[in-house]
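Here is final_5.pdb, consisting of PDB, C-alpha atoms, pLDDT in the B column:
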ATOM      1  CA  MET B   1      -7.985  73.629  36.097  1.00 38.00           C
ATOM      2  CA  THR B   2      -8.343  77.117  34.703  1.00 40.00           C
ATOM      3  CA  SER B   3     -10.810  79.806  35.620  1.00 39.00           C
ATOM      4  CA  LEU B   4     -12.483  82.384  33.425  1.00 42.00           C
ATOM      5  CA  HIS B   5     -10.065  85.038  34.639  1.00 43.00           C
ATOM      6  CA  SER B   6      -6.874  83.019  34.333  1.00 43.00           C
ATOM      7  CA  ASP B   7      -5.112  82.221  31.109  1.00 46.00           C
ATOM      8  CA  GLY B   8      -1.854  80.923  32.550  1.00 43.00           C
ATOM      9  CA  GLY B   9      -1.764  78.060  30.057  1.00 40.00           C
ATOM     10  CA  VAL B  10      -1.827  80.499  27.174  1.00 42.00           C
ATOM     11  CA  ALA B  11       0.797  82.758  28.724  1.00 37.00           C
ATOM     12  CA  ALA B  12       3.221  79.848  28.948  1.00 39.00           C
ATOM     13  CA  GLU B  13       2.796  79.142  25.242  1.00 45.00           C
ATOM     14  CA  SER B  14       2.813  82.772  24.089  1.00 48.00           C
ATOM     15  CA  ASP B  15       6.352  82.400  22.702  1.00 52.00           C
ATOM     16  CA  ARG B  16       5.177  79.523  20.503  1.00 62.00           C
ATOM     17  CA  ARG B  17       1.805  80.938  19.470  1.00 67.00           C
ATOM     18  CA  LEU B  18       0.298  79.768  16.241  1.00 75.00           C
ATOM     19  CA  THR B  19       0.206  82.359  13.525  1.00 76.00           C
ATOM     20  CA  LEU B  20      -2.793  83.066  11.360  1.00 85.00           C
ATOM     21  CA  PRO B  21      -2.511  83.815   7.659  1.00 84.00           C
ATOM     22  CA  ASP B  22      -3.471  87.409   6.782  1.00 87.00           C
ATOM     23  CA  GLU B  23      -4.190  88.731  10.279  1.00 91.00           C
ATOM     24  CA  ASP B  24      -5.117  92.139   8.819  1.00 92.00           C
ATOM     25  CA  ALA B  25      -8.031  90.649   6.859  1.00 92.00           C
ATOM     26  CA  LEU B  26      -9.198  88.771   9.963  1.00 93.00           C
ATOM     27  CA  LEU B  27      -9.090  91.989  11.997  1.00 93.00           C
ATOM     28  CA  ARG B  28     -11.194  93.792   9.368  1.00 92.00           C
ATOM     29  CA  LEU B  29     -13.759  90.971   9.537  1.00 92.00           C
ATOM     30  CA  TYR B  30     -13.720  91.162  13.337  1.00 92.00           C
ATOM     31  CA  TYR B  31     -14.262  94.949  13.326  1.00 91.00           C
ATOM     32  CA  ASP B  32     -17.234  94.495  10.980  1.00 91.00           C
ATOM     33  CA  GLY B  33     -18.723  91.757  13.164  1.00 89.00           C
ATOM     34  CA  GLY B  34     -18.170  89.037  10.568  1.00 89.00           C
ATOM     35  CA  ARG B  35     -17.458  85.353  11.054  1.00 92.00           C
ATOM     36  CA  LEU B  36     -13.738  84.595  11.379  1.00 93.00           C
ATOM     37  CA  PRO B  37     -12.611  81.616   9.271  1.00 92.00           C
ATOM     38  CA  SER B  38     -10.079  79.230  10.783  1.00 91.00           C
ATOM     39  CA  PRO B  39      -7.133  77.866   8.798  1.00 88.00           C
ATOM     40  CA  ALA B  40      -7.972  74.418  10.220  1.00 85.00           C
ATOM     41  CA  GLY B  41     -11.570  74.598   8.990  1.00 86.00           C
ATOM     42  CA  GLY B  42     -14.565  75.836  10.908  1.00 89.00           C
ATOM     43  CA  SER B  43     -14.464  79.271  12.468  1.00 93.00           C
ATOM     44  CA  LEU B  44     -12.675  81.143  15.222  1.00 94.00           C
ATOM     45  CA  VAL B  45     -14.414  82.122  18.459  1.00 94.00           C
ATOM     46  CA  VAL B  46     -13.167  84.988  20.624  1.00 94.00           C
ATOM     47  CA  LEU B  47     -12.264  83.658  24.070  1.00 94.00           C
ATOM     48  CA  GLY B  48     -10.933  86.893  25.483  1.00 93.00           C
ATOM     49  CA  VAL B  49      -9.836  90.455  24.864  1.00 93.00           C
ATOM     50  CA  ARG B  50      -6.896  92.007  26.673  1.00 92.00           C
ATOM     51  CA  PRO B  51      -5.629  95.603  26.673  1.00 91.00           C
ATOM     52  CA  GLU B  52      -1.837  95.798  26.519  1.00 92.00           C
ATOM     53  CA  ASP B  53       0.402  98.290  28.354  1.00 90.00           C
ATOM     54  CA  ASP B  54       1.388 100.110  25.148  1.00 93.00           C
ATOM     55  CA  GLY B  55      -2.237 100.959  24.249  1.00 91.00           C
ATOM     56  CA  SER B  56      -2.743  98.102  21.816  1.00 93.00           C
ATOM     57  CA  GLY B  57      -4.923  95.069  22.420  1.00 94.00           C
ATOM     58  CA  SER B  58      -4.842  91.337  21.890  1.00 93.00           C
ATOM     59  CA  LEU B  59      -7.490  88.756  21.055  1.00 93.00           C
ATOM     60  CA  LEU B  60      -7.396  85.147  22.148  1.00 93.00           C
ATOM     61  CA  LEU B  61      -9.177  82.979  19.573  1.00 93.00           C
ATOM     62  CA  GLU B  62     -10.078  79.296  19.462  1.00 93.00           C
ATOM     63  CA  CYS B  63     -10.910  77.170  16.431  1.00 93.00           C
ATOM     64  CA  THR B  64     -14.314  75.486  16.685  1.00 93.00           C
ATOM     65  CA  SER B  65     -13.216  72.393  14.789  1.00 92.00           C
ATOM     66  CA  SER B  66      -9.693  71.736  16.102  1.00 90.00           C
ATOM     67  CA  SER B  67      -9.632  73.569  19.467  1.00 87.00           C
ATOM     68  CA  LEU B  68      -6.327  75.187  18.475  1.00 90.00           C
ATOM     69  CA  ARG B  69      -5.805  78.588  20.073  1.00 91.00           C
ATOM     70  CA  TYR B  70      -4.459  81.663  18.364  1.00 92.00           C
ATOM     71  CA  LYS B  71      -3.532  85.139  19.551  1.00 92.00           C
ATOM     72  CA  ILE B  72      -3.911  88.210  17.357  1.00 92.00           C
ATOM     73  CA  SER B  73      -2.349  91.550  18.241  1.00 93.00           C
ATOM     74  CA  VAL B  74      -4.620  94.539  17.630  1.00 94.00           C
ATOM     75  CA  PRO B  75      -2.618  97.662  16.672  1.00 95.00           C
ATOM     76  CA  LYS B  76      -2.822 100.660  18.972  1.00 94.00           C
ATOM     77  CA  ALA B  77      -4.955 103.668  18.062  1.00 94.00           C
ATOM     78  CA  THR B  78      -3.782 105.990  15.333  1.00 94.00           C
ATOM     79  CA  ARG B  79      -3.549 109.727  15.866  1.00 95.00           C
ATOM     80  CA  SER B  80      -6.716 110.347  13.820  1.00 95.00           C
ATOM     81  CA  GLU B  81      -8.671 107.716  15.805  1.00 93.00           C
ATOM     82  CA  ARG B  82      -7.635 109.325  19.097  1.00 93.00           C
ATOM     83  CA  LYS B  83      -8.622 112.738  17.738  1.00 94.00           C
ATOM     84  CA  LYS B  84     -12.109 111.469  16.776  1.00 91.00           C
ATOM     85  CA  VAL B  85     -12.630 110.141  20.291  1.00 91.00           C
ATOM     86  CA  ARG B  86     -11.409 113.369  21.913  1.00 92.00           C
ATOM     87  CA  THR B  87     -13.778 115.373  19.686  1.00 91.00           C
ATOM     88  CA  LEU B  88     -16.729 113.207  20.777  1.00 89.00           C
ATOM     89  CA  ILE B  89     -15.776 113.676  24.420  1.00 89.00           C
ATOM     90  CA  ASP B  90     -15.435 117.460  24.019  1.00 91.00           C
ATOM     91  CA  GLU B  91     -18.868 117.630  22.367  1.00 91.00           C
ATOM     92  CA  GLY B  92     -20.359 115.834  25.372  1.00 88.00           C
ATOM     93  CA  GLY B  93     -21.282 112.650  23.505  1.00 83.00           C
ATOM     94  CA  ASP B  94     -20.578 109.088  24.457  1.00 87.00           C
ATOM     95  CA  PRO B  95     -17.154 108.148  23.093  1.00 90.00           C
ATOM     96  CA  LYS B  96     -17.398 105.249  20.646  1.00 91.00           C
ATOM     97  CA  CYS B  97     -14.773 102.952  19.209  1.00 92.00           C
ATOM     98  CA  PRO B  98     -13.715 104.178  15.758  1.00 92.00           C
ATOM     99  CA  ARG B  99     -13.114 100.576  14.670  1.00 91.00           C
ATOM    100  CA  HIS B 100     -16.311  98.941  15.965  1.00 85.00           C
ATOM    101  CA  GLN B 101     -19.598 100.465  14.900  1.00 78.00           C
ATOM    102  CA  GLY B 102     -21.488 101.740  17.947  1.00 78.00           C
ATOM    103  CA  GLU B 103     -19.278 100.131  20.620  1.00 88.00           C
ATOM    104  CA  ILE B 104     -19.147 102.584  23.541  1.00 92.00           C
ATOM    105  CA  LEU B 105     -15.732 102.912  25.168  1.00 93.00           C
ATOM    106  CA  VAL B 106     -15.365 101.798  28.780  1.00 92.00           C
ATOM    107  CA  ARG B 107     -13.119 103.155  31.490  1.00 90.00           C
ATOM    108  CA  ILE B 108     -10.087 101.031  32.345  1.00 86.00           C
ATOM    109  CA  ARG B 109      -8.234 102.766  35.166  1.00 85.00           C
ATOM    110  CA  HIS B 110      -7.389 106.198  33.733  1.00 88.00           C
ATOM    111  CA  ASP B 111      -8.062 105.345  30.085  1.00 89.00           C
ATOM    112  CA  LEU B 112     -11.031 104.875  27.784  1.00 92.00           C
ATOM    113  CA  ALA B 113     -10.777 101.599  25.877  1.00 92.00           C
ATOM    114  CA  CYS B 114     -12.885  99.395  23.651  1.00 93.00           C
ATOM    115  CA  SER B 115     -14.079  96.232  25.374  1.00 92.00           C
ATOM    116  CA  SER B 116     -14.211  94.422  22.023  1.00 92.00           C
ATOM    117  CA  CYS B 117     -10.643  95.052  20.840  1.00 91.00           C
ATOM    118  CA  GLY B 118      -8.769  96.222  23.964  1.00 92.00           C
ATOM    119  CA  VAL B 119      -7.354  99.343  22.285  1.00 94.00           C
ATOM    120  CA  ARG B 120      -7.013 102.455  24.465  1.00 93.00           C
ATOM    121  CA  TYR B 121      -8.130 105.653  22.784  1.00 92.00           C
ATOM    122  CA  ALA B 122      -8.119 108.509  25.329  1.00 87.00           C
ATOM    123  CA  LYS B 123      -7.571 109.480  28.936  1.00 84.00           C
ATOM    124  CA  ALA B 124     -10.723 109.438  31.056  1.00 76.00           C
ATOM    125  CA  LYS B 125     -11.687 112.735  32.639  1.00 69.00           C
TER     126      LYS B 125
END
The structure in this file should be written as structure tokens.
Amino acid sequence: MTSLHSDGGVAAESDRRLTLPDEDALLRLYYDGGRLPSPAGGSLVVLGVRPEDDGSGSLLLECTSSSLRYKISVPKATRSERKKVRTLIDEGGDPKCPRHQGEILVRIRHDLACSSCGVRYAKAK
């Protein structure tokens, strides 16, 4: 039995994860809020978002028609994305994710990260 906060079954299979064709195109669709097509037919549903230690993120996806699970790595923030966030913070505005339109960054320990992609963008003050 698994809980909402435990993904031990996925961690055990992370070495043998299924790959998705053209992950970059799927990430662009995800950033825009579009429907993610599955290679097995149907669509992909986001089961979870996880920030990684190196500042990147990962998405756990499940196919609606086959129940196959996939993991996509979200690249860490670029220098220009981090600069945009720091500028927003310095101006006193709410820091928003440069990749997701209007998604306000949340504090995860000492960092500000996007809850939709798991990417860390700046240090929290």
Please write as a PyMOL selection string the full residue list that the PyMOL selection byres ((chain B and resi 40-51) around 10) yields on this file. chain B and resi 4-5+7+26+30+35-39+52-74+76+108+113-120
Got a sec: who's within 8 Å of region 98-104 of chain B, counting only C-alpha atoms, leaving out chain neighbours fewer than 2 positions off, as JSON, numbers by chain? {"B": [31, 32, 81, 84, 85, 94, 95, 96, 106, 114, 116]}
On this file, the PyMOL selection byres ((chain B and resi 123) around 7) gives some set of residues; write that set as a list of chain:residue names.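 Selected by the PyMOL selection byres ((chain B and resi 123) around 7) here: B:His110, B:Asp111, B:Leu112, B:Ala122, B:Ala124, B:Lys125.
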Report, in Å to a single decimal, how far apart CA of Gly34 (chain B) and CA of Cys97 (chain B) are.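 One can read the CA of Cys97 (chain B) to CA of Gly34 (chain B) distance as 16.7 Å.
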What is the CA of Tyr121 (chain B) to CA of Asp22 (chain B) distance in Å?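 Result for CA of Tyr121 (chain B) versus CA of Asp22 (chain B): 24.7 Å, one decimal.
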Grab the CA of Ile89 (chain B) to CA of Pro75 (chain B) distance for me, in Å with one decimal place.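 So the two atoms, CA of Ile89 (chain B) and CA of Pro75 (chain B), lie 22.1 Å apart.
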Kindly complete region 41-74 of chain B to N, CA and C atoms; the output should be written as a compact mmCIF listing (two decimals), in the coordinates of the input.
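Result saved to out35.txt:
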# COMPACT_ATOMS: atom_id res chain seq x y z
N GLY B 41 -10.17 74.89 9.29
CA GLY B 41 -11.57 74.60 8.99
C GLY B 41 -12.44 75.10 10.13
N GLY B 42 -13.69 75.30 9.88
CA GLY B 42 -14.56 75.84 10.91
C GLY B 42 -14.39 77.34 11.04
N SER B 43 -14.60 77.83 12.24
CA SER B 43 -14.46 79.27 12.47
C SER B 43 -13.74 79.51 13.79
N LEU B 44 -13.36 80.76 14.00
CA LEU B 44 -12.68 81.14 15.22
C LEU B 44 -13.65 81.86 16.16
N VAL B 45 -13.58 81.52 17.43
CA VAL B 45 -14.41 82.12 18.46
C VAL B 45 -13.51 82.94 19.37
N VAL B 46 -13.95 84.13 19.73
CA VAL B 46 -13.17 84.99 20.62
C VAL B 46 -13.34 84.49 22.06
N LEU B 47 -12.24 84.10 22.68
CA LEU B 47 -12.26 83.66 24.07
C LEU B 47 -12.02 84.81 25.03
N GLY B 48 -11.24 85.79 24.60
CA GLY B 48 -10.93 86.89 25.48
C GLY B 48 -10.30 88.06 24.75
N VAL B 49 -10.42 89.22 25.38
CA VAL B 49 -9.84 90.46 24.86
C VAL B 49 -9.00 91.05 25.98
N ARG B 50 -7.78 91.46 25.64
CA ARG B 50 -6.90 92.01 26.67
C ARG B 50 -6.26 93.31 26.20
N PRO B 51 -6.38 94.38 26.99
CA PRO B 51 -5.63 95.60 26.67
C PRO B 51 -4.17 95.40 27.07
N GLU B 52 -3.27 95.91 26.24
CA GLU B 52 -1.84 95.80 26.52
C GLU B 52 -1.33 97.12 27.09
N ASP B 53 -0.16 97.10 27.71
CA ASP B 53 0.40 98.29 28.35
C ASP B 53 0.72 99.41 27.38
N ASP B 54 1.02 99.09 26.12
CA ASP B 54 1.39 100.11 25.15
C ASP B 54 0.19 100.74 24.45
N GLY B 55 -1.04 100.38 24.85
CA GLY B 55 -2.24 100.96 24.25
C GLY B 55 -2.87 100.08 23.18
N SER B 56 -2.17 99.03 22.79
CA SER B 56 -2.74 98.10 21.82
C SER B 56 -3.62 97.09 22.55
N GLY B 57 -4.11 96.11 21.82
CA GLY B 57 -4.92 95.07 22.42
C GLY B 57 -4.53 93.72 21.86
N SER B 58 -5.08 92.67 22.44
CA SER B 58 -4.84 91.34 21.89
C SER B 58 -6.11 90.52 22.04
N LEU B 59 -6.33 89.64 21.07
CA LEU B 59 -7.49 88.76 21.06
C LEU B 59 -7.02 87.33 21.18
N LEU B 60 -7.66 86.57 22.04
CA LEU B 60 -7.40 85.15 22.15
C LEU B 60 -8.54 84.44 21.43
N LEU B 61 -8.19 83.65 20.42
CA LEU B 61 -9.18 82.98 19.57
C LEU B 61 -9.02 81.47 19.67
N GLU B 62 -10.13 80.75 19.48
CA GLU B 62 -10.08 79.30 19.46
C GLU B 62 -10.84 78.77 18.27
N CYS B 63 -10.27 77.78 17.59
CA CYS B 63 -10.91 77.17 16.43
C CYS B 63 -12.02 76.24 16.91
N THR B 64 -13.18 76.32 16.28
CA THR B 64 -14.31 75.49 16.68
C THR B 64 -14.16 74.03 16.25
N SER B 65 -13.34 73.77 15.25
CA SER B 65 -13.22 72.39 14.79
C SER B 65 -12.00 71.67 15.37
N SER B 66 -10.91 72.40 15.64
CA SER B 66 -9.69 71.74 16.10
C SER B 66 -9.30 72.09 17.53
N SER B 67 -9.94 73.07 18.12
CA SER B 67 -9.63 73.57 19.47
C SER B 67 -8.24 74.18 19.58
N LEU B 68 -7.60 74.48 18.44
CA LEU B 68 -6.33 75.19 18.48
C LEU B 68 -6.59 76.63 18.88
N ARG B 69 -5.66 77.20 19.63
CA ARG B 69 -5.80 78.59 20.07
C ARG B 69 -4.79 79.48 19.37
N TYR B 70 -5.27 80.68 19.06
CA TYR B 70 -4.46 81.66 18.36
C TYR B 70 -4.55 82.98 19.12
N LYS B 71 -3.53 83.80 18.96
CA LYS B 71 -3.53 85.14 19.55
C LYS B 71 -3.24 86.14 18.45
N ILE B 72 -4.10 87.15 18.34
CA ILE B 72 -3.91 88.21 17.36
C ILE B 72 -3.64 89.51 18.11
N SER B 73 -2.63 90.23 17.68
CA SER B 73 -2.35 91.55 18.24
C SER B 73 -3.15 92.59 17.47
N VAL B 74 -3.84 93.45 18.23
CA VAL B 74 -4.62 94.54 17.63
C VAL B 74 -3.78 95.80 17.74
